[in-house]
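Asker: Okay, so here is start37.pdb, and as you'll see once you scroll down, it has PDB, C-alpha atoms, pLDDT in the B column.
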ATOM      1  CA  MET A   1      -8.201   8.334  17.323  1.00 68.00           C
ATOM      2  CA  GLY A   2     -11.223   6.048  17.805  1.00 74.00           C
ATOM      3  CA  LEU A   3     -12.492   6.624  14.243  1.00 73.00           C
ATOM      4  CA  SER A   4      -9.029   6.031  12.866  1.00 73.00           C
ATOM      5  CA  ILE A   5      -8.643   2.716  14.729  1.00 76.00           C
ATOM      6  CA  THR A   6     -12.152   1.618  13.690  1.00 75.00           C
ATOM      7  CA  LEU A   7     -11.389   2.340  10.023  1.00 72.00           C
ATOM      8  CA  ASP A   8      -8.067   0.483  10.288  1.00 72.00           C
ATOM      9  CA  ALA A   9      -9.725  -2.526  11.923  1.00 75.00           C
ATOM     10  CA  LEU A  10     -12.463  -2.652   9.272  1.00 72.00           C
ATOM     11  CA  GLY A  11      -9.919  -2.354   6.467  1.00 70.00           C
ATOM     12  CA  ALA A  12      -7.820  -5.160   7.944  1.00 71.00           C
ATOM     13  CA  VAL A  13     -10.695  -7.669   7.702  1.00 71.00           C
ATOM     14  CA  PRO A  14     -10.016  -9.668   4.498  1.00 68.00           C
ATOM     15  CA  ALA A  15     -13.740 -10.220   3.908  1.00 62.00           C
ATOM     16  CA  PHE A  16     -14.132  -6.517   3.151  1.00 60.00           C
ATOM     17  CA  GLY A  17     -11.201  -6.543   0.775  1.00 52.00           C
ATOM     18  CA  ASN A  18     -12.362  -9.708  -0.915  1.00 52.00           C
ATOM     19  CA  LEU A  19     -15.819  -8.244  -1.333  1.00 51.00           C
ATOM     20  CA  PHE A  20     -14.183  -5.777  -3.712  1.00 43.00           C
ATOM     21  CA  SER A  21     -12.057  -8.350  -5.539  1.00 44.00           C
ATOM     22  CA  GLY A  22     -14.733 -10.527  -7.124  1.00 43.00           C
ATOM     23  CA  THR A  23     -14.725 -11.340 -10.795  1.00 39.00           C
ATOM     24  CA  VAL A  24     -18.262 -10.140 -11.411  1.00 39.00           C
ATOM     25  CA  GLU A  25     -18.271  -6.757 -13.097  1.00 45.00           C
ATOM     26  CA  GLY A  26     -20.848  -5.394 -10.694  1.00 46.00           C
ATOM     27  CA  ILE A  27     -18.571  -6.155  -7.760  1.00 44.00           C
ATOM     28  CA  GLN A  28     -15.689  -4.535  -9.640  1.00 49.00           C
ATOM     29  CA  ALA A  29     -17.746  -1.378  -9.904  1.00 52.00           C
ATOM     30  CA  LEU A  30     -18.166  -1.504  -6.099  1.00 50.00           C
ATOM     31  CA  ASN A  31     -14.383  -1.382  -5.776  1.00 54.00           C
ATOM     32  CA  ALA A  32     -14.183   1.881  -7.676  1.00 56.00           C
ATOM     33  CA  SER A  33     -17.162   3.323  -5.837  1.00 57.00           C
ATOM     34  CA  HIS A  34     -15.531   2.409  -2.495  1.00 59.00           C
ATOM     35  CA  TYR A  35     -12.427   4.429  -3.322  1.00 59.00           C
ATOM     36  CA  GLY A  36     -14.615   7.105  -4.841  1.00 61.00           C
ATOM     37  CA  THR A  37     -16.280   7.428  -1.440  1.00 64.00           C
ATOM     38  CA  VAL A  38     -12.882   7.661   0.267  1.00 64.00           C
ATOM     39  CA  ALA A  39     -11.905  10.339  -2.282  1.00 62.00           C
ATOM     40  CA  LEU A  40     -15.054  12.315  -1.469  1.00 62.00           C
ATOM     41  CA  ALA A  41     -14.402  11.949   2.271  1.00 64.00           C
ATOM     42  CA  ASN A  42     -10.851  13.177   1.713  1.00 61.00           C
ATOM     43  CA  ALA A  43     -12.128  16.117  -0.306  1.00 60.00           C
ATOM     44  CA  GLY A  44     -14.520  16.997   2.528  1.00 59.00           C
ATOM     45  CA  ASN A  45     -11.705  16.712   5.034  1.00 57.00           C
ATOM     46  CA  THR A  46      -9.547  19.029   2.911  1.00 58.00           C
ATOM     47  CA  LEU A  47     -12.329  21.603   2.719  1.00 57.00           C
ATOM     48  CA  LEU A  48     -12.742  21.526   6.501  1.00 56.00           C
ATOM     49  CA  ASN A  49      -9.007  21.577   7.204  1.00 56.00           C
ATOM     50  CA  PRO A  50      -7.340  23.217   4.184  1.00 56.00           C
ATOM     51  CA  SER A  51      -3.745  22.066   3.832  1.00 58.00           C
ATOM     52  CA  ALA A  52      -1.279  21.055   1.141  1.00 57.00           C
ATOM     53  CA  SER A  53      -1.122  17.469   2.433  1.00 56.00           C
ATOM     54  CA  GLY A  54      -4.933  17.254   2.488  1.00 58.00           C
ATOM     55  CA  ALA A  55      -5.122  18.454  -1.100  1.00 61.00           C
ATOM     56  CA  ALA A  56      -2.461  15.927  -2.052  1.00 61.00           C
ATOM     57  CA  ASN A  57      -4.449  13.147  -0.361  1.00 59.00           C
ATOM     58  CA  THR A  58      -7.589  14.169  -2.193  1.00 62.00           C
ATOM     59  CA  ALA A  59      -5.748  14.154  -5.512  1.00 63.00           C
ATOM     60  CA  ALA A  60      -4.228  10.780  -4.664  1.00 61.00           C
ATOM     61  CA  THR A  61      -7.536   9.129  -3.816  1.00 60.00           C
ATOM     62  CA  VAL A  62      -9.215  10.601  -6.881  1.00 62.00           C
ATOM     63  CA  GLY A  63      -6.328   9.104  -8.861  1.00 62.00           C
ATOM     64  CA  LEU A  64      -6.856   5.847  -7.018  1.00 60.00           C
ATOM     65  CA  THR A  65     -10.518   5.789  -8.012  1.00 59.00           C
ATOM     66  CA  VAL A  66      -9.564   6.315 -11.637  1.00 59.00           C
ATOM     67  CA  GLY A  67      -6.823   3.696 -11.218  1.00 61.00           C
ATOM     68  CA  SER A  68      -9.302   1.264  -9.754  1.00 56.00           C
ATOM     69  CA  LEU A  69     -11.565   1.734 -12.747  1.00 53.00           C
ATOM     70  CA  ALA A  70      -8.594   1.355 -15.097  1.00 53.00           C
ATOM     71  CA  LEU A  71      -7.364  -1.785 -13.328  1.00 54.00           C
ATOM     72  CA  ASN A  72     -10.904  -3.130 -13.702  1.00 46.00           C
ATOM     73  CA  GLY A  73     -11.235  -4.439 -10.169  1.00 48.00           C
ATOM     74  CA  SER A  74      -7.732  -5.837  -9.803  1.00 62.00           C
ATOM     75  CA  LYS A  75      -7.091  -8.106  -6.826  1.00 68.00           C
ATOM     76  CA  VAL A  76      -4.104  -5.957  -5.919  1.00 75.00           C
ATOM     77  CA  ILE A  77      -6.224  -3.187  -4.419  1.00 76.00           C
ATOM     78  CA  PRO A  78      -7.949  -5.216  -1.678  1.00 78.00           C
ATOM     79  CA  VAL A  79      -4.756  -7.159  -0.872  1.00 82.00           C
ATOM     80  CA  LEU A  80      -2.666  -4.024  -0.447  1.00 84.00           C
ATOM     81  CA  GLY A  81      -5.573  -2.307   1.304  1.00 83.00           C
ATOM     82  CA  THR A  82      -5.763  -5.075   3.907  1.00 84.00           C
ATOM     83  CA  ALA A  83      -2.003  -5.009   4.513  1.00 87.00           C
ATOM     84  CA  VAL A  84      -1.890  -1.198   4.824  1.00 87.00           C
ATOM     85  CA  SER A  85      -4.946  -1.220   7.110  1.00 86.00           C
ATOM     86  CA  LEU A  86      -3.319  -3.760   9.431  1.00 87.00           C
ATOM     87  CA  VAL A  87      -0.107  -1.739   9.565  1.00 89.00           C
ATOM     88  CA  SER A  88      -2.073   1.495  10.162  1.00 88.00           C
ATOM     89  CA  LEU A  89      -3.913  -0.272  12.981  1.00 88.00           C
ATOM     90  CA  GLY A  90      -0.570  -1.099  14.577  1.00 89.00           C
ATOM     91  CA  TYR A  91       0.607   2.501  14.157  1.00 89.00           C
ATOM     92  CA  ASP A  92      -2.597   3.912  15.679  1.00 88.00           C
ATOM     93  CA  ALA A  93      -2.331   1.456  18.569  1.00 89.00           C
ATOM     94  CA  ILE A  94       1.250   2.616  19.243  1.00 89.00           C
ATOM     95  CA  LYS A  95       0.119   6.260  19.145  1.00 87.00           C
ATOM     96  CA  ALA A  96      -2.810   5.487  21.474  1.00 88.00           C
ATOM     97  CA  VAL A  97      -0.470   3.819  23.989  1.00 89.00           C
ATOM     98  CA  GLN A  98       1.905   6.812  23.820  1.00 87.00           C
ATOM     99  CA  LEU A  99      -1.006   9.203  24.378  1.00 85.00           C
ATOM    100  CA  TYR A 100      -2.198   7.152  27.336  1.00 87.00           C
ATOM    101  CA  GLN A 101       1.275   7.136  28.861  1.00 87.00           C
ATOM    102  CA  GLN A 102       1.522  10.925  28.435  1.00 85.00           C
ATOM    103  CA  CYS A 103      -1.853  11.385  30.135  1.00 87.00           C
ATOM    104  CA  MET A 104      -0.847   9.109  33.008  1.00 85.00           C
ATOM    105  CA  ALA A 105       2.439  10.947  33.422  1.00 82.00           C
ATOM    106  CA  GLY A 106       0.486  14.180  33.965  1.00 75.00           C
ATOM    107  CA  PRO A 107       1.295  17.768  32.990  1.00 70.00           C
ATOM    108  CA  GLY A 108       4.396  18.021  35.158  1.00 57.00           C
TER     109      GLY A 108
ATOM    110  CA  MET B   1       8.828 -14.589 -23.152  1.00 51.00           C
ATOM    111  CA  PHE B   2       7.644 -13.745 -19.641  1.00 52.00           C
ATOM    112  CA  GLU B   3       4.077 -15.041 -19.714  1.00 53.00           C
ATOM    113  CA  ARG B   4       2.368 -15.294 -16.378  1.00 52.00           C
ATOM    114  CA  ASP B   5       1.007 -18.520 -15.014  1.00 53.00           C
ATOM    115  CA  PRO B   6      -2.725 -17.941 -14.438  1.00 50.00           C
ATOM    116  CA  ARG B   7      -2.538 -20.066 -11.272  1.00 49.00           C
ATOM    117  CA  GLU B   8      -0.013 -17.621  -9.794  1.00 49.00           C
ATOM    118  CA  GLU B   9      -2.423 -14.734 -10.355  1.00 49.00           C
ATOM    119  CA  THR B  10      -5.264 -16.490  -8.543  1.00 47.00           C
ATOM    120  CA  GLU B  11      -2.989 -17.018  -5.532  1.00 58.00           C
ATOM    121  CA  LEU B  12      -3.251 -13.302  -4.762  1.00 61.00           C
ATOM    122  CA  THR B  13      -6.533 -13.603  -2.900  1.00 60.00           C
ATOM    123  CA  ARG B  14      -8.173 -13.769   0.515  1.00 67.00           C
ATOM    124  CA  TYR B  15      -5.475 -13.798   3.196  1.00 80.00           C
ATOM    125  CA  THR B  16      -2.459 -12.533   1.229  1.00 82.00           C
ATOM    126  CA  GLY B  17      -2.915  -8.986   2.524  1.00 83.00           C
ATOM    127  CA  LEU B  18      -3.375 -10.209   6.071  1.00 86.00           C
ATOM    128  CA  LYS B  19      -0.228 -12.368   5.855  1.00 88.00           C
ATOM    129  CA  ILE B  20       1.822  -9.448   4.507  1.00 89.00           C
ATOM    130  CA  GLY B  21       0.444  -7.197   7.252  1.00 88.00           C
ATOM    131  CA  ALA B  22       1.288  -9.823   9.894  1.00 90.00           C
ATOM    132  CA  ILE B  23       4.885  -9.984   8.612  1.00 92.00           C
ATOM    133  CA  LEU B  24       5.196  -6.185   8.642  1.00 92.00           C
ATOM    134  CA  LEU B  25       3.657  -5.504  12.071  1.00 91.00           C
ATOM    135  CA  PRO B  26       6.630  -6.819  14.140  1.00 93.00           C
ATOM    136  CA  MET B  27       8.924  -4.588  12.072  1.00 93.00           C
ATOM    137  CA  LEU B  28       6.762  -1.561  12.899  1.00 92.00           C
ATOM    138  CA  LEU B  29       6.906  -2.525  16.590  1.00 92.00           C
ATOM    139  CA  LEU B  30      10.692  -2.733  16.362  1.00 93.00           C
ATOM    140  CA  PHE B  31      10.842   0.805  14.942  1.00 92.00           C
ATOM    141  CA  ALA B  32       8.423   1.976  17.656  1.00 91.00           C
ATOM    142  CA  TYR B  33      10.689   0.432  20.305  1.00 91.00           C
ATOM    143  CA  PHE B  34      13.477   2.719  19.107  1.00 91.00           C
ATOM    144  CA  GLY B  35      11.070   5.713  18.988  1.00 88.00           C
ATOM    145  CA  LYS B  36      10.968   5.880  15.178  1.00 88.00           C
ATOM    146  CA  GLU B  37       7.354   4.850  14.522  1.00 88.00           C
ATOM    147  CA  ASP B  38       6.831   7.447  11.761  1.00 88.00           C
ATOM    148  CA  MET B  39       9.852   6.185   9.873  1.00 90.00           C
ATOM    149  CA  GLY B  40       8.737   2.623  10.588  1.00 91.00           C
ATOM    150  CA  LEU B  41       5.280   3.242   9.132  1.00 91.00           C
ATOM    151  CA  ALA B  42       6.766   4.568   5.880  1.00 91.00           C
ATOM    152  CA  PHE B  43       9.231   1.669   5.770  1.00 93.00           C
ATOM    153  CA  VAL B  44       6.635  -1.073   6.270  1.00 93.00           C
ATOM    154  CA  ILE B  45       4.218   0.463   3.728  1.00 92.00           C
ATOM    155  CA  VAL B  46       7.013   0.641   1.139  1.00 93.00           C
ATOM    156  CA  LEU B  47       7.957  -2.947   1.991  1.00 93.00           C
ATOM    157  CA  GLY B  48       4.320  -4.063   1.752  1.00 92.00           C
ATOM    158  CA  ALA B  49       3.879  -2.418  -1.654  1.00 91.00           C
ATOM    159  CA  MET B  50       7.125  -4.059  -2.744  1.00 91.00           C
ATOM    160  CA  MET B  51       5.996  -7.490  -1.504  1.00 91.00           C
ATOM    161  CA  VAL B  52       2.694  -7.255  -3.409  1.00 88.00           C
ATOM    162  CA  ALA B  53       4.545  -6.109  -6.555  1.00 88.00           C
ATOM    163  CA  ILE B  54       6.974  -9.051  -6.216  1.00 90.00           C
ATOM    164  CA  LYS B  55       4.105 -11.449  -5.602  1.00 86.00           C
ATOM    165  CA  ILE B  56       2.249 -10.509  -8.782  1.00 85.00           C
ATOM    166  CA  ARG B  57       5.437 -10.830 -10.826  1.00 86.00           C
ATOM    167  CA  TRP B  58       6.655 -13.963  -9.046  1.00 87.00           C
ATOM    168  CA  ASN B  59       7.077 -15.667 -12.435  1.00 88.00           C
ATOM    169  CA  LEU B  60      10.172 -13.482 -12.956  1.00 87.00           C
ATOM    170  CA  ARG B  61      11.896 -14.608  -9.743  1.00 88.00           C
ATOM    171  CA  LYS B  62      14.507 -16.703 -11.586  1.00 89.00           C
ATOM    172  CA  HIS B  63      15.876 -13.681 -13.436  1.00 89.00           C
ATOM    173  CA  ILE B  64      18.777 -11.887 -11.753  1.00 90.00           C
ATOM    174  CA  TRP B  65      17.773  -8.545 -13.301  1.00 90.00           C
ATOM    175  CA  PHE B  66      14.429  -8.793 -11.493  1.00 91.00           C
ATOM    176  CA  TRP B  67      16.103  -8.842  -8.063  1.00 92.00           C
ATOM    177  CA  ALA B  68      18.566  -6.169  -9.184  1.00 92.00           C
ATOM    178  CA  ILE B  69      15.649  -3.884 -10.126  1.00 91.00           C
ATOM    179  CA  ILE B  70      13.995  -4.638  -6.764  1.00 92.00           C
ATOM    180  CA  ALA B  71      17.235  -3.678  -4.974  1.00 93.00           C
ATOM    181  CA  VAL B  72      17.480  -0.434  -6.976  1.00 92.00           C
ATOM    182  CA  ILE B  73      13.847   0.491  -6.259  1.00 92.00           C
ATOM    183  CA  LEU B  74      14.351  -0.274  -2.564  1.00 91.00           C
ATOM    184  CA  ALA B  75      17.500   1.885  -2.499  1.00 93.00           C
ATOM    185  CA  LEU B  76      15.591   4.762  -4.141  1.00 91.00           C
ATOM    186  CA  HIS B  77      13.077   4.574  -1.303  1.00 91.00           C
ATOM    187  CA  VAL B  78      15.658   5.148   1.440  1.00 90.00           C
ATOM    188  CA  PRO B  79      15.540   8.993   1.306  1.00 89.00           C
ATOM    189  CA  LEU B  80      11.734   8.871   1.279  1.00 87.00           C
ATOM    190  CA  VAL B  81      11.633   6.712   4.416  1.00 88.00           C
ATOM    191  CA  PHE B  82      13.982   9.095   6.225  1.00 88.00           C
ATOM    192  CA  ARG B  83      12.199  12.284   5.120  1.00 84.00           C
ATOM    193  CA  VAL B  84       8.518  11.374   5.415  1.00 82.00           C
ATOM    194  CA  ARG B  85       6.564  13.168   8.168  1.00 82.00           C
ATOM    195  CA  TRP B  86       3.041  11.886   8.743  1.00 82.00           C
ATOM    196  CA  PRO B  87       0.317  14.427   9.576  1.00 80.00           C
ATOM    197  CA  GLN B  88      -0.494  14.478  13.288  1.00 77.00           C
ATOM    198  CA  GLY B  89      -3.987  15.938  12.843  1.00 74.00           C
ATOM    199  CA  SER B  90      -7.394  14.448  13.497  1.00 74.00           C
ATOM    200  CA  ALA B  91      -7.708  12.771  10.081  1.00 76.00           C
ATOM    201  CA  PRO B  92      -7.786   8.949  10.222  1.00 80.00           C
ATOM    202  CA  THR B  93      -4.404   7.370   9.477  1.00 80.00           C
ATOM    203  CA  LEU B  94      -5.840   5.321   6.605  1.00 80.00           C
ATOM    204  CA  PHE B  95      -6.657   8.542   4.744  1.00 82.00           C
ATOM    205  CA  TYR B  96      -2.994   9.132   4.045  1.00 82.00           C
ATOM    206  CA  THR B  97      -1.404   5.671   4.402  1.00 85.00           C
ATOM    207  CA  LEU B  98      -3.721   4.062   1.851  1.00 84.00           C
ATOM    208  CA  PRO B  99      -3.048   6.554  -0.998  1.00 83.00           C
ATOM    209  CA  PHE B 100       0.672   6.498  -0.118  1.00 86.00           C
ATOM    210  CA  GLY B 101       0.732   2.687  -0.317  1.00 87.00           C
ATOM    211  CA  PHE B 102      -1.216   2.498  -3.567  1.00 84.00           C
ATOM    212  CA  ILE B 103       0.770   5.190  -5.321  1.00 85.00           C
ATOM    213  CA  ASP B 104       4.008   3.581  -4.199  1.00 88.00           C
ATOM    214  CA  PHE B 105       2.756   0.215  -5.434  1.00 88.00           C
ATOM    215  CA  LEU B 106       1.795   1.703  -8.813  1.00 85.00           C
ATOM    216  CA  ILE B 107       5.273   3.277  -9.156  1.00 87.00           C
ATOM    217  CA  ILE B 108       7.056   0.015  -8.196  1.00 89.00           C
ATOM    218  CA  SER B 109       4.789  -2.036 -10.429  1.00 86.00           C
ATOM    219  CA  GLU B 110       5.309   0.308 -13.363  1.00 85.00           C
ATOM    220  CA  GLY B 111       9.083   0.166 -12.824  1.00 87.00           C
ATOM    221  CA  LEU B 112       8.990  -3.631 -12.893  1.00 88.00           C
ATOM    222  CA  ARG B 113       6.736  -3.625 -15.958  1.00 86.00           C
ATOM    223  CA  LEU B 114       9.129  -1.339 -17.824  1.00 88.00           C
ATOM    224  CA  ALA B 115      12.109  -3.492 -16.780  1.00 88.00           C
ATOM    225  CA  GLU B 116      10.284  -6.620 -17.906  1.00 87.00           C
ATOM    226  CA  LYS B 117       9.559  -4.998 -21.262  1.00 87.00           C
ATOM    227  CA  LEU B 118      13.161  -3.834 -21.641  1.00 87.00           C
ATOM    228  CA  PHE B 119      14.758  -7.145 -20.677  1.00 85.00           C
ATOM    229  CA  ALA B 120      12.275  -9.179 -22.706  1.00 78.00           C
ATOM    230  CA  LYS B 121      13.176  -7.066 -25.751  1.00 75.00           C
ATOM    231  CA  SER B 122      16.939  -7.356 -25.140  1.00 73.00           C
ATOM    232  CA  SER B 123      16.767 -11.116 -24.515  1.00 69.00           C
ATOM    233  CA  SER B 124      14.685 -11.687 -27.659  1.00 68.00           C
ATOM    234  CA  SER B 125      17.064  -9.550 -29.766  1.00 67.00           C
ATOM    235  CA  SER B 126      20.110 -11.434 -28.376  1.00 64.00           C
ATOM    236  CA  GLY B 127      18.261 -14.673 -29.191  1.00 57.00           C
ATOM    237  CA  GLU B 128      17.897 -13.536 -32.798  1.00 55.00           C
ATOM    238  CA  ILE B 129      21.637 -12.833 -33.053  1.00 52.00           C
ATOM    239  CA  GLY B 130      22.700 -16.092 -31.460  1.00 44.00           C
TER     240      GLY B 130
END
Would you put the structure from the file into structure tokens?

Answerer:
Amino acid sequence: MGLSITLDALGAVPAFGNLFSGTVEGIQALNASHYGTVALANAGNTLLNPSASGAANTAATVGLTVGSLALNGSKVIPVLGTAVSLVSLGYDAIKAVQLYQQCMAGPG
Amino acid sequence: MFERDPREETELTRYTGLKIGAILLPMLLLFAYFGKEDMGLAFVIVLGAMMVAIKIRWNLRKHIWFWAIIAVILALHVPLVFRVRWPQGSAPTLFYTLPFGFIDFLIISEGLRLAEKLFAKSSSSSGEIG
């Protein structure tokens, strides 16, 4: 839960997104490498916890990396990434509150 | 026919994502209030992808077909929003929301691009006749 919230919070910071949306080709390459890293992390996660959804996520992020290269560092990726990160942060916060309430309510 | 204004493209920078996220968050909270946070997450991601797709093709806003296509795409998403079940494992939420959002955006964007191509062709051919 903590890792998830940290990732969401980092993704929601526009500076990170804008870092990947520069016009310099070198920065554009960073964009693709960023999603390439996420794809690798997803692949690792799938290997540790084999599941159909995990495999689908891995395929999706690999596709995203290729897409990022094809889009040549489009501004769309960081913009959408920031929005999705902020929404995911909200979702994780809701889940954390629910978990806390369940813990406080006790086993009975 | 439907050339984009370069100034409109440069508008999609810095805080656009944050603004879209800030608009969507209260909606997610509303869904959570009714105990439908999973459905809400899918709904706001679809809406976010849609908003970004609309933003980058904002030059088409004066065409009725553009909004009709948006309405059709949104309607096609309804079963998805109702059926989606997010994994409840230990994987960070971003690992599945981010690919979902991007793929949805690519599908919406491609749909709009095809519609633009189709309507540009039909409007140019009707212009030749008339």

Asker: Name the residues in contact with region 80-90 of chain B at a cut-off of 8 Å, using only C-alpha atoms, excluding same-chain residues fewer than 2 positions from it; report them as a ChimeraX atom specification.

Answerer: /A:1,53 /B:38-40,42-43,76-78,92

Asker: Once the PyMOL selection byres ((chain B) within 8 of (chain A)) has been applied to the shown file, what residues remain in the selection, as a ChimeraX atom specification?

Answerer: /B:12-22,24-25,28-29,32,37,41,44-45,48-49,52,87,90-103

Asker: Could you save those same residues with C-alpha atoms as a PDB file, keeping the file's coordinate frame?

Answerer:
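What landed in out-v6.pdb:
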ATOM      1  CA  LEU B  12      -3.251 -13.302  -4.762  1.00 61.00           C
ATOM      2  CA  THR B  13      -6.533 -13.603  -2.900  1.00 60.00           C
ATOM      3  CA  ARG B  14      -8.173 -13.769   0.515  1.00 67.00           C
ATOM      4  CA  TYR B  15      -5.475 -13.798   3.196  1.00 80.00           C
ATOM      5  CA  THR B  16      -2.459 -12.533   1.229  1.00 82.00           C
ATOM      6  CA  GLY B  17      -2.915  -8.986   2.524  1.00 83.00           C
ATOM      7  CA  LEU B  18      -3.375 -10.209   6.071  1.00 86.00           C
ATOM      8  CA  LYS B  19      -0.228 -12.368   5.855  1.00 88.00           C
ATOM      9  CA  ILE B  20       1.822  -9.448   4.507  1.00 89.00           C
ATOM     10  CA  GLY B  21       0.444  -7.197   7.252  1.00 88.00           C
ATOM     11  CA  ALA B  22       1.288  -9.823   9.894  1.00 90.00           C
ATOM     12  CA  LEU B  24       5.196  -6.185   8.642  1.00 92.00           C
ATOM     13  CA  LEU B  25       3.657  -5.504  12.071  1.00 91.00           C
ATOM     14  CA  LEU B  28       6.762  -1.561  12.899  1.00 92.00           C
ATOM     15  CA  LEU B  29       6.906  -2.525  16.590  1.00 92.00           C
ATOM     16  CA  ALA B  32       8.423   1.976  17.656  1.00 91.00           C
ATOM     17  CA  GLU B  37       7.354   4.850  14.522  1.00 88.00           C
ATOM     18  CA  LEU B  41       5.280   3.242   9.132  1.00 91.00           C
ATOM     19  CA  VAL B  44       6.635  -1.073   6.270  1.00 93.00           C
ATOM     20  CA  ILE B  45       4.218   0.463   3.728  1.00 92.00           C
ATOM     21  CA  GLY B  48       4.320  -4.063   1.752  1.00 92.00           C
ATOM     22  CA  ALA B  49       3.879  -2.418  -1.654  1.00 91.00           C
ATOM     23  CA  VAL B  52       2.694  -7.255  -3.409  1.00 88.00           C
ATOM     24  CA  PRO B  87       0.317  14.427   9.576  1.00 80.00           C
ATOM     25  CA  SER B  90      -7.394  14.448  13.497  1.00 74.00           C
ATOM     26  CA  ALA B  91      -7.708  12.771  10.081  1.00 76.00           C
ATOM     27  CA  PRO B  92      -7.786   8.949  10.222  1.00 80.00           C
ATOM     28  CA  THR B  93      -4.404   7.370   9.477  1.00 80.00           C
ATOM     29  CA  LEU B  94      -5.840   5.321   6.605  1.00 80.00           C
ATOM     30  CA  PHE B  95      -6.657   8.542   4.744  1.00 82.00           C
ATOM     31  CA  TYR B  96      -2.994   9.132   4.045  1.00 82.00           C
ATOM     32  CA  THR B  97      -1.404   5.671   4.402  1.00 85.00           C
ATOM     33  CA  LEU B  98      -3.721   4.062   1.851  1.00 84.00           C
ATOM     34  CA  PRO B  99      -3.048   6.554  -0.998  1.00 83.00           C
ATOM     35  CA  PHE B 100       0.672   6.498  -0.118  1.00 86.00           C
ATOM     36  CA  GLY B 101       0.732   2.687  -0.317  1.00 87.00           C
ATOM     37  CA  PHE B 102      -1.216   2.498  -3.567  1.00 84.00           C
ATOM     38  CA  ILE B 103       0.770   5.190  -5.321  1.00 85.00           C
TER      39      ILE B 103
END

Asker: At what distance in Å, to one decimal, does CA of Asp104 (chain B) lie from CA of Arg57 (chain B)?

Answerer: 15.9 Å

Asker: What gap, in Å, lies between CA of Ala9 (chain A) and CA of Ala96 (chain A)?

Answerer: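 Going from CA of Ala9 (chain A) over to CA of Ala96 (chain A) covers 14.3 Å.
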
Asker: Between CA of Ile23 (chain B) and CA of Leu114 (chain B), what is the spacing in Å?

Answerer: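 For CA of Leu114 (chain B) relative to CA of Ile23 (chain B), the distance reads 28.1 Å.
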
Asker: Kindly indicate which residue among B:Val46, B:Ala68, B:Met27, B:Ala75 lies nearest to Leu106 (chain B), using all atoms listed in the file for the distances.

Answerer: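 Looking at the shortest contact to Leu106 (chain B), the residue is B:Val46.
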